[in-house]
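Pasting input22.txt here (compact mmCIF, C-alpha atoms):
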```txt
# COMPACT_ATOMS: atom_id res chain seq x y z
CA MET A 1 25.33 -18.36 0.33
CA ASN A 2 25.45 -15.43 -2.07
CA ARG A 3 22.57 -13.00 -1.76
CA ARG A 4 20.45 -12.90 -4.89
CA ARG A 5 19.26 -9.61 -6.38
CA VAL A 6 15.53 -8.87 -6.32
CA VAL A 7 13.81 -6.89 -9.07
CA ILE A 8 10.30 -5.68 -9.90
CA THR A 9 9.02 -6.91 -13.27
CA GLY A 10 5.30 -6.09 -13.07
CA MET A 11 2.89 -3.79 -11.22
CA GLY A 12 -0.86 -3.40 -10.87
CA ILE A 13 -3.03 -0.90 -9.02
CA TRP A 14 -6.69 -0.35 -8.14
CA SER A 15 -6.92 2.87 -6.15
CA CYS A 16 -8.93 6.03 -5.64
CA ILE A 17 -6.60 7.96 -8.01
CA GLY A 18 -6.87 5.43 -10.83
CA GLN A 19 -7.48 1.81 -11.66
CA ASP A 20 -4.46 1.23 -13.87
CA LEU A 21 -0.87 2.44 -14.09
CA LYS A 22 -1.55 5.05 -16.79
CA ALA A 23 -4.39 6.72 -14.90
CA VAL A 24 -2.48 6.68 -11.63
CA THR A 25 0.60 8.22 -13.26
CA GLU A 26 -1.53 11.05 -14.61
CA SER A 27 -3.13 11.68 -11.19
CA LEU A 28 0.28 11.75 -9.52
CA ARG A 29 1.59 14.26 -12.08
CA LEU A 30 -1.44 16.51 -11.71
CA GLY A 31 -1.73 16.23 -7.93
CA ARG A 32 -5.31 15.04 -8.37
CA SER A 33 -7.18 13.94 -5.25
CA GLY A 34 -9.36 10.83 -5.11
CA ILE A 35 -11.08 11.77 -1.86
CA VAL A 36 -14.84 12.38 -1.71
CA PHE A 37 -17.54 13.18 0.85
CA ASP A 38 -19.90 10.27 1.57
CA GLN A 39 -23.07 11.22 3.46
CA SER A 40 -23.78 7.58 4.32
CA ARG A 41 -20.79 7.65 6.68
CA ILE A 42 -22.29 10.52 8.65
CA ASP A 43 -25.68 8.81 8.65
CA TYR A 44 -24.02 5.65 9.98
CA GLY A 45 -22.69 7.63 12.95
CA LEU A 46 -19.10 8.40 11.98
CA GLN A 47 -17.63 11.81 12.71
CA SER A 48 -15.79 11.80 9.38
CA GLY A 49 -17.67 11.70 6.09
CA LEU A 50 -14.58 11.55 3.90
CA VAL A 51 -13.19 8.52 2.08
CA GLY A 52 -11.03 7.59 -0.88
CA GLU A 53 -13.47 6.69 -3.67
CA VAL A 54 -12.61 3.21 -4.92
CA PRO A 55 -15.03 1.61 -7.41
CA ARG A 56 -15.99 -2.05 -6.98
CA PRO A 57 -14.83 -3.98 -10.04
CA ASP A 58 -17.27 -5.93 -12.20
CA LEU A 59 -15.81 -9.43 -12.10
CA LYS A 60 -18.59 -11.20 -13.99
CA PRO A 61 -16.83 -10.96 -17.40
CA LEU A 62 -13.53 -12.04 -15.83
CA LEU A 63 -14.22 -14.87 -13.38
CA PRO A 64 -16.73 -17.72 -13.09
CA ARG A 65 -19.20 -17.58 -10.23
CA LYS A 66 -17.43 -20.25 -8.16
CA PHE A 67 -14.52 -17.83 -7.70
CA ARG A 68 -16.60 -14.68 -7.23
CA ALA A 69 -18.76 -16.30 -4.54
CA THR A 70 -15.86 -16.69 -2.09
CA MET A 71 -14.25 -13.27 -2.57
CA SER A 72 -14.28 -10.38 -0.13
CA GLU A 73 -14.19 -6.76 -1.26
CA ASP A 74 -10.46 -6.78 -0.48
CA ALA A 75 -9.94 -9.86 -2.63
CA GLU A 76 -11.81 -8.26 -5.54
CA TYR A 77 -9.51 -5.25 -5.50
CA ALA A 78 -6.48 -7.49 -5.13
CA TYR A 79 -7.54 -9.66 -8.06
CA MET A 80 -7.70 -6.64 -10.36
CA ALA A 81 -4.28 -5.41 -9.23
CA ALA A 82 -2.74 -8.88 -9.48
CA ARG A 83 -4.21 -9.44 -12.92
CA GLN A 84 -2.59 -6.22 -14.13
CA ALA A 85 0.73 -7.03 -12.45
CA PHE A 86 1.01 -10.48 -14.04
CA GLU A 87 0.08 -9.08 -17.45
CA HIS A 88 2.60 -6.26 -17.01
CA ALA A 89 5.28 -8.83 -16.16
CA GLY A 90 4.41 -11.05 -19.12
CA ILE A 91 3.21 -13.89 -16.86
CA THR A 92 0.51 -16.00 -18.49
CA ASP A 93 -1.91 -18.51 -17.02
CA GLU A 94 0.16 -21.24 -18.67
CA TYR A 95 3.29 -19.96 -16.91
CA LEU A 96 1.53 -19.99 -13.54
CA ASN A 97 0.36 -23.55 -14.16
CA GLU A 98 3.85 -24.76 -15.01
CA ASN A 99 6.02 -22.82 -12.52
CA GLU A 100 6.12 -22.27 -8.78
CA VAL A 101 5.13 -18.72 -7.88
CA GLY A 102 4.45 -17.43 -4.36
CA ILE A 103 2.04 -14.87 -2.94
CA ILE A 104 2.37 -12.58 0.10
CA PHE A 105 -0.20 -9.84 0.67
CA GLY A 106 -0.64 -7.33 3.44
CA ASN A 107 -4.17 -7.25 4.86
CA ASP A 108 -5.26 -6.61 8.44
CA GLY A 109 -8.95 -7.40 8.40
CA ASN A 110 -12.19 -6.87 6.52
CA ALA A 111 -15.82 -6.37 7.40
CA HIS A 112 -17.48 -9.37 5.77
CA MET A 113 -17.81 -11.47 8.93
CA MET A 114 -19.98 -8.68 10.37
CA ASP A 115 -22.59 -9.47 7.72
CA TYR A 116 -23.32 -12.82 9.36
CA TYR A 117 -23.65 -11.85 13.04
CA PRO A 118 -27.21 -10.47 12.69
CA ILE A 119 -28.29 -13.64 10.87
CA MET A 120 -26.97 -15.83 13.67
CA GLU A 121 -28.58 -13.64 16.32
CA GLU A 122 -31.95 -13.89 14.59
CA GLU A 123 -31.93 -17.42 13.18
CA HIS A 124 -29.61 -19.26 15.57
CA ASN A 125 -28.68 -21.52 12.69
CA SER A 126 -25.33 -21.42 10.93
CA LEU A 127 -26.81 -23.17 7.90
CA MET A 128 -28.63 -19.92 7.13
CA ILE A 129 -25.28 -18.26 6.47
CA GLY A 130 -23.95 -20.60 3.82
CA PRO A 131 -20.48 -22.05 3.21
CA ASN A 132 -18.73 -19.01 1.72
CA CYS A 133 -18.59 -16.77 4.79
CA ILE A 134 -15.29 -18.19 6.00
CA PHE A 135 -13.57 -17.51 2.68
CA GLN A 136 -14.91 -13.93 2.62
CA GLY A 137 -14.41 -13.07 6.29
CA GLU A 138 -10.91 -14.32 7.06
CA THR A 139 -8.06 -11.79 7.13
CA SER A 140 -6.35 -14.08 4.61
CA SER A 141 -9.33 -13.86 2.23
CA VAL A 142 -7.08 -12.12 -0.29
CA THR A 143 -4.37 -14.77 -0.43
CA MET A 144 -6.66 -17.79 -0.19
CA ASN A 145 -8.75 -16.54 -3.11
CA LEU A 146 -5.90 -15.33 -5.31
CA SER A 147 -3.84 -18.46 -4.71
CA THR A 148 -6.72 -20.54 -6.06
CA ILE A 149 -7.41 -18.32 -9.07
CA PHE A 150 -3.75 -18.01 -10.10
CA HIS A 151 -2.66 -21.62 -9.34
CA ILE A 152 -0.16 -20.51 -6.68
CA ARG A 153 2.07 -23.33 -5.43
CA GLY A 154 4.79 -21.39 -3.63
CA ILE A 155 4.64 -19.41 -0.39
CA ASN A 156 1.04 -18.45 0.46
CA LEU A 157 0.89 -15.93 3.26
CA CYS A 158 -1.06 -12.92 4.52
CA ILE A 159 0.72 -10.37 6.71
CA GLY A 160 -1.24 -8.33 9.25
CA ALA A 161 0.93 -5.42 10.39
CA ALA A 162 -1.54 -2.54 10.55
CA CYS A 163 -0.69 0.26 8.14
CA SER A 164 2.73 -1.15 7.23
CA SER A 165 1.25 -4.49 6.10
CA GLY A 166 1.77 -3.92 2.38
CA SER A 167 5.35 -2.76 2.83
CA HIS A 168 6.25 -5.72 5.04
CA ALA A 169 4.68 -8.09 2.49
CA ILE A 170 7.01 -6.76 -0.20
CA GLY A 171 9.99 -6.84 2.16
CA MET A 172 9.36 -10.41 3.28
CA ALA A 173 8.88 -11.55 -0.32
CA SER A 174 12.24 -10.01 -1.19
CA LEU A 175 13.92 -11.92 1.65
CA LEU A 176 12.61 -15.25 0.34
CA ILE A 177 13.86 -14.46 -3.15
CA SER A 178 17.23 -13.13 -1.99
CA GLN A 179 17.81 -16.38 -0.08
CA GLY A 180 16.96 -18.55 -3.06
CA LEU A 181 13.76 -19.96 -1.56
CA GLN A 182 11.54 -18.53 -4.32
CA SER A 183 12.22 -17.23 -7.83
CA MET A 184 9.04 -15.18 -8.14
CA VAL A 185 6.50 -13.84 -5.64
CA LEU A 186 3.38 -11.75 -6.15
CA ALA A 187 3.44 -9.25 -3.27
CA GLY A 188 1.19 -6.36 -2.35
CA GLY A 189 -1.53 -5.05 -0.12
CA SER A 190 -5.30 -4.69 -0.13
CA CYS A 191 -7.81 -2.81 2.01
CA THR A 192 -11.57 -2.43 2.10
CA ILE A 193 -13.28 0.96 2.21
CA ASP A 194 -16.26 -0.51 4.11
CA LYS A 195 -17.29 2.13 6.65
CA ARG A 196 -17.56 -0.47 9.40
CA VAL A 197 -13.80 -0.96 9.32
CA THR A 198 -13.37 2.79 9.91
CA VAL A 199 -15.30 2.88 13.20
CA GLY A 200 -12.25 2.29 15.41
CA ALA A 201 -10.12 5.05 13.91
CA ASP A 202 -13.11 7.41 13.94
CA ALA A 203 -13.81 6.64 17.60
CA MET A 204 -10.26 7.59 18.60
CA ASP A 205 -10.54 10.93 16.75
CA ALA A 206 -7.84 9.92 14.25
CA LEU A 207 -9.91 10.87 11.18
CA SER A 208 -10.32 14.31 9.66
CA GLN A 209 -13.64 16.02 10.31
CA ASN A 210 -13.02 18.60 7.61
CA MET A 211 -15.96 18.41 5.21
CA ASN A 212 -13.99 19.64 2.18
CA PRO A 213 -12.66 16.48 0.50
CA GLN A 214 -10.24 18.27 -1.80
CA SER A 215 -8.27 19.97 0.97
CA ALA A 216 -8.79 17.82 4.07
CA SER A 217 -5.77 15.54 3.72
CA ARG A 218 -2.88 17.81 4.78
CA PRO A 219 0.31 15.87 5.60
CA PHE A 220 2.94 18.00 7.36
CA ASP A 221 0.59 21.01 7.44
CA ARG A 222 0.05 22.96 10.67
CA ASP A 223 -3.74 22.86 10.21
CA ARG A 224 -4.14 19.12 9.61
CA ASP A 225 -6.81 17.48 11.76
CA GLY A 226 -6.49 13.78 10.98
CA MET A 227 -6.24 11.18 8.27
CA ILE A 228 -8.84 10.09 5.72
CA SER A 229 -9.68 6.42 5.31
CA SER A 230 -9.08 4.90 1.89
CA GLY A 231 -8.26 1.56 0.30
CA GLY A 232 -8.01 -0.54 -2.85
CA ALA A 233 -5.15 -2.83 -3.82
CA ALA A 234 -1.65 -2.81 -5.27
CA ALA A 235 0.36 -5.78 -6.51
CA LEU A 236 3.95 -6.24 -7.67
CA VAL A 237 5.76 -9.14 -9.28
CA LEU A 238 9.06 -9.61 -7.45
CA GLU A 239 11.61 -11.77 -9.19
CA GLU A 240 15.18 -12.96 -8.84
CA TYR A 241 17.35 -10.89 -11.19
CA GLU A 242 18.92 -13.73 -13.21
CA HIS A 243 15.55 -15.47 -13.45
CA ALA A 244 14.02 -12.27 -14.86
CA LYS A 245 16.86 -11.84 -17.36
CA ALA A 246 16.59 -15.46 -18.51
CA ARG A 247 12.92 -15.07 -19.44
CA GLY A 248 13.47 -11.69 -21.08
CA ALA A 249 11.44 -9.72 -18.55
CA ASN A 250 11.23 -5.94 -18.55
CA ILE A 251 12.88 -4.91 -15.28
CA LEU A 252 11.24 -1.84 -13.72
CA ALA A 253 13.42 -1.39 -10.64
CA GLU A 254 15.58 -3.24 -8.15
CA LEU A 255 14.47 -3.70 -4.55
CA ALA A 256 17.85 -3.09 -2.95
CA GLY A 257 16.99 -2.60 0.72
CA TYR A 258 14.43 -3.57 3.35
CA GLY A 259 14.50 -2.29 6.91
CA PHE A 260 12.15 -2.83 9.84
CA SER A 261 11.75 -2.07 13.52
CA SER A 262 9.24 -1.89 16.33
CA ASN A 263 8.87 1.34 18.29
CA GLY A 264 9.38 -0.27 21.69
CA ILE A 265 7.19 2.25 23.51
CA GLU A 266 4.23 1.66 25.80
CA ASP A 267 1.62 3.68 23.87
CA ILE A 268 -0.05 1.38 21.34
CA SER A 269 -1.32 4.22 19.17
CA MET A 270 1.76 6.46 19.06
CA SER A 271 4.43 6.72 16.40
CA SER A 272 8.09 6.90 17.33
CA ALA A 273 10.74 8.97 15.57
CA GLU A 274 13.38 6.57 16.86
CA GLY A 275 11.56 3.52 15.48
CA GLU A 276 11.03 5.04 12.04
CA TYR A 277 14.60 6.30 11.90
CA LEU A 278 15.91 2.82 12.67
CA ALA A 279 13.79 1.13 9.97
CA MET A 280 14.86 3.65 7.31
CA LYS A 281 18.52 3.47 8.37
CA ARG A 282 18.43 -0.32 8.15
CA ALA A 283 16.91 -0.16 4.66
CA LEU A 284 19.71 2.16 3.53
CA ASP A 285 22.36 -0.07 5.11
CA ASP A 286 20.81 -3.14 3.47
CA ALA A 287 21.05 -1.37 0.10
CA GLY A 288 24.61 -0.24 0.76
CA LEU A 289 23.59 3.40 0.40
CA LYS A 290 24.02 6.60 2.36
CA PRO A 291 21.20 9.08 3.05
CA GLU A 292 22.64 11.51 0.49
CA ASP A 293 22.27 8.83 -2.22
CA ILE A 294 18.45 8.96 -2.06
CA ASP A 295 16.70 11.20 -4.60
CA TYR A 296 13.14 10.90 -3.29
CA VAL A 297 11.37 9.78 -0.12
CA ASN A 298 7.71 8.80 -0.17
CA ALA A 299 6.74 9.65 3.40
CA HIS A 300 4.25 7.68 5.43
CA ALA A 301 2.74 10.97 6.68
CA THR A 302 -0.98 10.35 7.14
CA SER A 303 -2.06 13.86 8.23
CA THR A 304 -2.51 12.82 11.86
CA ILE A 305 -1.49 15.28 14.57
CA GLN A 306 1.28 13.29 16.28
CA GLY A 307 2.28 10.89 13.51
CA ASP A 308 3.46 13.57 11.10
CA ILE A 309 5.56 15.18 13.83
CA GLU A 310 7.39 11.97 14.73
CA GLU A 311 8.10 11.09 11.10
CA ALA A 312 9.31 14.62 10.36
CA LYS A 313 11.79 14.27 13.22
CA ALA A 314 13.04 10.96 11.85
CA LEU A 315 13.34 12.26 8.28
CA THR A 316 15.18 15.39 9.39
CA ARG A 317 17.61 13.37 11.51
CA LEU A 318 18.38 10.92 8.71
CA PHE A 319 18.18 12.99 5.53
CA GLY A 320 18.32 16.66 6.40
CA SER A 321 17.26 18.83 3.47
CA LYS A 322 18.73 16.79 0.61
CA PRO A 323 16.11 14.51 -0.99
CA TRP A 324 12.73 15.53 -2.31
CA ILE A 325 9.95 14.36 -0.01
CA SER A 326 6.19 14.12 -0.44
CA SER A 327 3.28 12.21 0.99
CA THR A 328 1.00 10.83 -1.71
CA LYS A 329 -1.60 10.38 1.04
CA SER A 330 -2.40 14.05 0.44
CA MET A 331 -4.13 12.78 -2.73
CA THR A 332 -5.20 9.26 -1.77
CA GLY A 333 -5.95 9.53 1.92
CA HIS A 334 -4.62 6.73 4.09
CA GLU A 335 -4.99 3.45 2.20
CA ASN A 336 -4.35 1.59 5.46
CA TRP A 337 -3.00 -1.97 4.96
CA MET A 338 -2.62 -1.35 1.23
CA ALA A 339 -0.56 1.82 1.67
CA GLY A 340 2.95 0.38 1.74
CA ALA A 341 2.28 -1.50 -1.51
CA SER A 342 0.47 1.30 -3.35
CA GLU A 343 3.13 3.82 -2.35
CA THR A 344 5.76 1.46 -3.74
CA VAL A 345 3.89 1.53 -7.06
CA TYR A 346 3.60 5.33 -6.88
CA SER A 347 7.32 5.67 -6.12
CA ILE A 348 8.42 3.39 -8.96
CA LEU A 349 6.17 5.26 -11.40
CA MET A 350 7.82 8.53 -10.36
CA MET A 351 11.22 6.90 -10.83
CA GLN A 352 10.26 5.63 -14.28
CA TYR A 353 8.96 8.99 -15.47
CA ASN A 354 11.38 11.26 -13.56
CA PHE A 355 9.05 13.39 -11.49
CA VAL A 356 8.12 13.94 -7.85
CA ALA A 357 4.39 14.01 -7.10
CA PRO A 358 3.33 17.00 -5.02
CA ASN A 359 2.40 17.04 -1.35
CA ILE A 360 -0.85 18.90 -2.04
CA ASN A 361 -2.71 21.04 0.53
CA LEU A 362 0.55 22.06 2.21
CA GLU A 363 0.30 25.73 3.18
CA ASN A 364 1.94 26.10 6.59
CA VAL A 365 4.66 23.53 7.26
CA ILE A 366 4.95 22.24 10.82
CA ASP A 367 8.09 23.32 12.66
CA GLU A 368 9.43 19.77 12.82
CA ALA A 369 9.43 19.57 8.99
CA LYS A 370 10.69 23.06 8.18
CA ASP A 371 14.15 21.82 7.11
CA LEU A 372 12.80 19.11 4.81
CA GLN A 373 12.61 19.62 1.04
CA ILE A 374 8.90 18.86 0.63
CA ALA A 375 7.53 19.13 -2.91
CA ARG A 376 4.48 21.41 -2.93
CA GLU A 377 4.09 21.11 -6.71
CA THR A 378 5.16 18.53 -9.28
CA ILE A 379 8.93 18.49 -9.65
CA TYR A 380 10.46 17.17 -12.87
CA THR A 381 13.91 15.78 -12.07
CA PRO A 382 15.85 12.53 -12.55
CA ILE A 383 14.87 9.99 -9.87
CA ASN A 384 17.27 7.05 -9.60
CA THR A 385 16.84 6.05 -5.96
CA VAL A 386 13.73 6.13 -3.77
CA LEU A 387 12.86 5.18 -0.21
CA SER A 388 9.28 4.38 0.75
CA ASN A 389 8.52 4.67 4.47
CA SER A 390 5.64 2.96 6.30
CA SER A 391 4.50 2.77 9.90
CA GLY A 392 1.63 1.15 11.75
CA MET A 393 -0.15 1.14 15.10
CA GLY A 394 1.46 -1.06 17.67
CA GLY A 395 4.84 0.26 16.59
CA THR A 396 5.54 -1.68 13.38
CA ASN A 397 7.80 0.16 10.92
CA SER A 398 8.97 -0.80 7.44
CA ALA A 399 11.11 0.92 4.81
CA LEU A 400 11.98 -0.11 1.26
CA VAL A 401 14.71 1.20 -1.04
CA PHE A 402 14.43 0.94 -4.83
CA LEU A 403 16.99 1.61 -7.57
CA LYS A 404 16.54 2.39 -11.23
CA ILE A 405 18.47 -0.15 -13.33
```

Since I need it in another form, could you write the structure as C-alpha cells?
Amino acid sequence: MNRRRVVITGMGIWSCIGQDLKAVTESLRLGRSGIVFDQSRIDYGLQSGLVGEVPRPDLKPLLPRKFRATMSEDAEYAYMAARQAFEHAGITDEYLNENEVGIIFGNDGNAHMMDYYPIMEEEHNSLMIGPNCIFQGETSSVTMNLSTIFHIRGINLCIGAACSSGSHAIGMASLLISQGLQSMVLAGGSCTIDKRVTVGADAMDALSQNMNPQSASRPFDRDRDGMISSGGAAALVLEEYEHAKARGANILAELAGYGFSSNGIEDISMSSAEGEYLAMKRALDDAGLKPEDIDYVNAHATSTIQGDIEEAKALTRLFGSKPWISSTKSMTGHENWMAGASETVYSILMMQYNFVAPNINLENVIDEAKDLQIARETIYTPINTVLSNSSGMGGTNSALVFLKI
C-alpha cells in the first residue's frame, strides 16, 4: 500500500499569548510573555504563584446550554480552537454532517471530578451531583464533547501521554491518514489551568518559585529554577494531500515525519537524552531528511533543572550548531498536555511568516547547550523545514517534522 501524504489545512489556538492566529503570531514575533502572578495559588498552598493567563471563553453566544452543561474547562478551550481550525480549513457544519471526519486530542486529566467529592462526603447521595459530572470529569471530556458538537463519525480518541500528549495526538492522526483509514482528522491538545491540577508538580519542586512572571521561565538558562504551569488548547485539521487538493483547500504545511520512543529508564520523572534523540532521529528518517535539512527546532525545554540538560545533549548530538533553536515555553510557560499541539501551531506560523521566535530570558546558557544556535531575539530568515520536539513524564517522547509546500 502506498503511503499517503498528510497536510495541515487549518489551525486554531486559545493560549496565554493570544486567542487567535493573528494575536499569537504577533506575540511570537515580539517575544511577549503570557505569564502572570496569581496570588490565589499562594493562598491555596502552592509554592509557585505563576501561571499562563488563559481567559475562559464565553460560550453562551456560540452554543446552546445542552452542550455547555457537559463541558469541562479543557473542552471549552478545545472548542474555541477547533472552531477556528475548521473555519480556517473551510470546513462548514454542512461538510461535517455529510462527511466522515475523525478527532484525536491529547489530554491527561482535568480537575472537574474534584468538585463532586466534597458533595458526596457531605450528602452521601450521588443524585445531589447531577448527571453532567461524568462528561465534565473524564479525561476524554474534550473528545466526547467535541465529537457531539461537530458531528464526528470517524476515529474518536483521547491520548494521555503526559506532556507529549498533543504531539502524539497529531502523530497518531497522521498515521491513520497516511494508511488510508481516514481522509481528515481534527487533532490537537487541551489543558486546564486549574490550580488543583498543578499540586503534583508543585509538590515535587518542579515549578519555578521566582515571583517575577516576565523573567521566570528561562529554558536553557543557568539560573532557571523550574517550569511554569500553563494551558489552553490548540487544534489542527490534518488531511490527506489529494483530498485537500480536490476540495481546493489552502495547504499550510506537510506533516512529513513522526517519531516516538520511551526513555526506558527506571526514574519515572527523569528525561533521557537517548530517548529524545531516538524520537527526533526517527522523525527525520520518517521524513526522509537529514539533520542538516532542518531550519528550525522548537525545543521541548520547559525550564526544569534536569530536563533542559538532557534535551540539550540530545539536540547537540543530533543537530550540532546548524539549525535555529528556541523554546516558546519561555513565553507561554509549560502548556502541559496541550504543548505538543500548540508548539506545532507556533512552528507552522513561524514557517509561514519566515521568522524564529526568541528564547526570551536567556542570559547565561548552560554548558550542555553552548554549541546550539539558540535564538535570543527574533530572527527573520526563510524557514522551510521545522522539527517540534516533545517529552513527558514516564519517558514518552514525540517529534514531528513539517515542510513548507

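Within 12 Å of the file-frame point (5.9, 17.4, 15.2), and using all atoms listed in the file, the polymer residues found are Pro219, Phe220, Asp221, Arg222, Arg224, Ser271, Ser272, Ala273, Ala301, Ser303, Thr304, Ile305, Gln306, Gly307, Asp308, Ile309, Glu310, Glu311, Ala312, Lys313, Ala314, Leu315, Thr316, Val365, Ile366, Asp367, Glu368, Ala369 and Lys370 of chain A.
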
All residues 10 Å or closer to stretch 139-153 of chain A, all atoms listed in the file, same chain fewer than 4 positions away omitted, as a PyMOL selection string: chain A and resi 63+67-68+70-79+82-83+86+92-113+134-135+157-160+185-187+189-191

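The closest residue to A:Gly18, picked from A:Lys66, A:Ile228, A:Met331, A:Met270 and counting all atoms listed in the file, is A:Met331.
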
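Atom to atom, atom CA of A:Asp225 and atom CA of A:Leu207 stand 7.3 Å apart.
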
Shortest interatomic distance to A:Arg32 - which of A:Gly200, A:Cys16, A:Gly259, A:Ser178, counting only C-alpha atoms: A:Cys16

Closest of A:Ala249, A:Met280, A:Ile13, A:Leu238 to A:Ile170 - atom-to-atom distances counting all atoms listed in the file: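 Smallest distance to A:Ile170 is found for A:Leu238.
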
Nearest to A:Met211, chosen from A:Ile42, A:Ile374, A:Ile177, A:Ile268, with only C-alpha atoms counted in the distances: A:Ile42

Nearest residue to A:Pro213 from the set A:Ala169, A:Ile91, A:Ala235, A:Val36 (distances using all atoms listed in the file):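 Selected residue with least distance to A:Pro213: A:Val36.
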
Padding 6 Å on every side, please: axis-aligned box over the listed atoms of stretch 344-352 of chain A, centre and edge lengths to one decimal in Å, as lines of an AutoDock Vina configuration file.
```
center_x = 7.4
center_y = 5.0
center_z = -9.0
size_x = 19.6
size_y = 19.1
size_z = 22.5
```

Closest of A:Ala244, A:Leu62, A:Ala256, A:Leu46 to A:Thr198 - atom-to-atom distances counting only C-alpha atoms: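 Closest residue, counting only C-alpha atoms: A:Leu46.
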
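Atom CA of A:Val345 to atom CA of A:Ser48 spans 27.6 Å [interatomic distance, one decimal].
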
Near-A:Asn298 list (12 Å; all atoms listed in the file; drop same-chain fewer than 4 positions) as an MDAnalysis selection string: chainID A and resid 219 280 294 302 311 315 323:330 339:351 356:359 373:375 385:390 399:402

Two-atom distance - atom CA of A:Phe319, atom CA of A:Met227 (Å):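 Taking atom CA of A:Phe319 and atom CA of A:Met227, their separation equals 24.6 Å.
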
Neighbour residues at most 12 Å from (-22.3, -7.3, 8.1) (only C-alpha atoms) as an MDAnalysis selection string: chainID A and resid 72 110:120 129 133 136:137 194:197

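By chain and then residue number, the residues within 10 Å of A:Tyr353 are Thr25, Arg29, Ile348, Leu349, Tyr380, Thr381, Pro382 and Ile383 of chain A, counting all atoms listed in the file and disregarding those fewer than 4 positions away in sequence.
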
With the input short on atoms, add all heavy atoms back to stretch 260-265 of chain A and write it as a short mmCIF file (atom, residue, chain, number, x, y, z; two decimals), keeping the file's coordinate frame.
```cif
data_model
loop_
_atom_site.label_atom_id
_atom_site.label_comp_id
_atom_site.auth_asym_id
_atom_site.auth_seq_id
_atom_site.Cartn_x
_atom_site.Cartn_y
_atom_site.Cartn_z
N PHE A 260 13.33 -2.75 8.98
CA PHE A 260 12.15 -2.83 9.84
C PHE A 260 12.54 -2.57 11.28
O PHE A 260 13.71 -2.66 11.66
CB PHE A 260 11.48 -4.20 9.72
CG PHE A 260 12.43 -5.37 9.90
CD1 PHE A 260 12.76 -5.82 11.17
CD2 PHE A 260 12.99 -5.99 8.80
CE1 PHE A 260 13.63 -6.86 11.34
CE2 PHE A 260 13.88 -7.04 8.97
CZ PHE A 260 14.20 -7.48 10.23
N SER A 261 11.54 -2.26 12.09
CA SER A 261 11.75 -2.07 13.52
C SER A 261 10.39 -2.04 14.20
O SER A 261 9.36 -1.91 13.54
CB SER A 261 12.50 -0.76 13.80
OG SER A 261 11.64 0.36 13.59
N SER A 262 10.42 -2.14 15.52
CA SER A 262 9.24 -1.89 16.33
C SER A 262 9.57 -0.73 17.27
O SER A 262 10.71 -0.60 17.72
CB SER A 262 8.83 -3.12 17.13
OG SER A 262 7.58 -2.94 17.74
N ASN A 263 8.59 0.12 17.54
CA ASN A 263 8.87 1.34 18.29
C ASN A 263 9.39 1.10 19.70
O ASN A 263 10.18 1.88 20.22
CB ASN A 263 7.61 2.21 18.38
CG ASN A 263 7.27 2.86 17.06
OD1 ASN A 263 8.12 3.04 16.20
ND2 ASN A 263 6.01 3.21 16.88
N GLY A 264 8.91 0.02 20.35
CA GLY A 264 9.38 -0.27 21.69
C GLY A 264 8.91 0.70 22.74
O GLY A 264 9.58 0.90 23.76
N ILE A 265 7.74 1.32 22.51
CA ILE A 265 7.19 2.25 23.51
C ILE A 265 5.86 1.70 24.01
O ILE A 265 5.24 0.84 23.38
CB ILE A 265 7.01 3.67 22.94
CG1 ILE A 265 6.07 3.66 21.73
CG2 ILE A 265 8.35 4.26 22.55
CD1 ILE A 265 5.78 5.06 21.17
#
```
